[in-house]
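A.B. asks: Here you go, one structure.
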Amino acid sequence: ETCSSFSSKGKRLDSKRFTRTGTKIDVKTLERSLDEQLKSSGATEVGLCPHRRRLYDDCFAELVRQVTIECGERGIVLARIRTYFRQLI
């Protein structure tokens, strides 16, 4: 286990990065960090907001990474889906 963070345009969203699968506590910690960043970034709750979109995208990337550790094939499919939806927006 190593601690690090991922960022969205200069904003840090702290999370623990693991070389093992994430636990429920890890996911709750990531969710709390996301909520804090959403509040501090001034992201709007409705409509299109680039700040909110980036934060959710970064969080989803972290979840894909965690899933990939457990099952590489599942992680590849999730990453593919993420790429598809990014192109739609």
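Note on naming: chains are A, B, ... as they come in the structure tokens, residues start from 1 per chain, ligands start from 1 in the order shown.
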Tell me which protein, DNA and RNA residues are within 7 Å of region 63-66 of chain A, counting only C-alpha atoms, leaving out same-chain ones fewer than 6 positions away, and put them as a VMD selection string.

C.D. replies: chain A and resid 21 to 22 75 78 to 79

A.B. asks: Could those selected residues go to a file with all heavy atoms, as a PDB file, in the first residue's frame?

C.D. replies:
ATOM      1  N   THR A  21      -6.533  -5.078  -3.716  1.00  0.00           N
ATOM      2  CA  THR A  21      -7.877  -4.567  -3.949  1.00  0.00           C
ATOM      3  C   THR A  21      -8.299  -3.645  -2.818  1.00  0.00           C
ATOM      4  O   THR A  21      -7.883  -3.797  -1.675  1.00  0.00           O
ATOM      5  CB  THR A  21      -8.889  -5.719  -4.069  1.00  0.00           C
ATOM      6  OG1 THR A  21      -8.794  -6.541  -2.918  1.00  0.00           O
ATOM      7  CG2 THR A  21      -8.634  -6.547  -5.303  1.00  0.00           C
ATOM      8  N   GLY A  22      -9.129  -2.664  -3.155  1.00  0.00           N
ATOM      9  CA  GLY A  22      -9.614  -1.700  -2.175  1.00  0.00           C
ATOM     10  C   GLY A  22     -10.681  -2.304  -1.276  1.00  0.00           C
ATOM     11  O   GLY A  22     -11.424  -3.185  -1.681  1.00  0.00           O
ATOM     12  N   GLY A  75     -11.061  -4.426 -15.465  1.00  0.00           N
ATOM     13  CA  GLY A  75     -10.547  -3.063 -15.492  1.00  0.00           C
ATOM     14  C   GLY A  75     -10.419  -2.526 -16.905  1.00  0.00           C
ATOM     15  O   GLY A  75     -10.716  -1.361 -17.163  1.00  0.00           O
ATOM     16  N   LEU A  78     -13.900  -1.573 -18.078  1.00  0.00           N
ATOM     17  CA  LEU A  78     -14.318  -0.318 -17.445  1.00  0.00           C
ATOM     18  C   LEU A  78     -13.591   0.882 -18.065  1.00  0.00           C
ATOM     19  O   LEU A  78     -14.202   1.929 -18.301  1.00  0.00           O
ATOM     20  CB  LEU A  78     -14.068  -0.352 -15.943  1.00  0.00           C
ATOM     21  CG  LEU A  78     -15.067  -1.136 -15.116  1.00  0.00           C
ATOM     22  CD1 LEU A  78     -14.587  -1.236 -13.671  1.00  0.00           C
ATOM     23  CD2 LEU A  78     -16.437  -0.501 -15.180  1.00  0.00           C
ATOM     24  N   ALA A  79     -12.309   0.736 -18.322  1.00  0.00           N
ATOM     25  CA  ALA A  79     -11.547   1.827 -18.935  1.00  0.00           C
ATOM     26  C   ALA A  79     -12.070   2.122 -20.333  1.00  0.00           C
ATOM     27  O   ALA A  79     -12.168   3.287 -20.743  1.00  0.00           O
ATOM     28  CB  ALA A  79     -10.063   1.471 -18.985  1.00  0.00           C
TER      29      ALA A  79
END

A.B. asks: Which one is closest to Leu55 (chain A): A:Lys24, A:Ser33, A:Tyr84, A:Ile69? Count only C-alpha atoms.

C.D. replies: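 Selected residue with least distance to Leu55 (chain A): A:Ser33.
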
A.B. asks: Which residues are close to His51 (chain A), i.e. within 8 Å by only C-alpha atoms, leaving aside same-chain residues fewer than 5 positions away? Reply as a PyMOL selection string.

C.D. replies: chain A and resi 38+41-43

A.B. asks: Which residue is closest to Ile81 (chain A)? Choose from A:Leu34, A:Ala61, A:Cys49, A:Ile25 and count only C-alpha atoms.

C.D. replies: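 For Ile81 (chain A), the nearest of the given residues is A:Ala61.
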
A.B. asks: What does the distance between CA of Gln87 (chain A) and CA of Asp26 (chain A) come to in Å, to one decimal place?

C.D. replies: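 One can read the CA of Gln87 (chain A) to CA of Asp26 (chain A) distance as 28.9 Å.
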
A.B. asks: Any idea what the distance is between CA of Pro50 (chain A) and CA of Arg86 (chain A)?

C.D. replies: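 We find that CA of Pro50 (chain A) and CA of Arg86 (chain A) lie 12.3 Å from each other.
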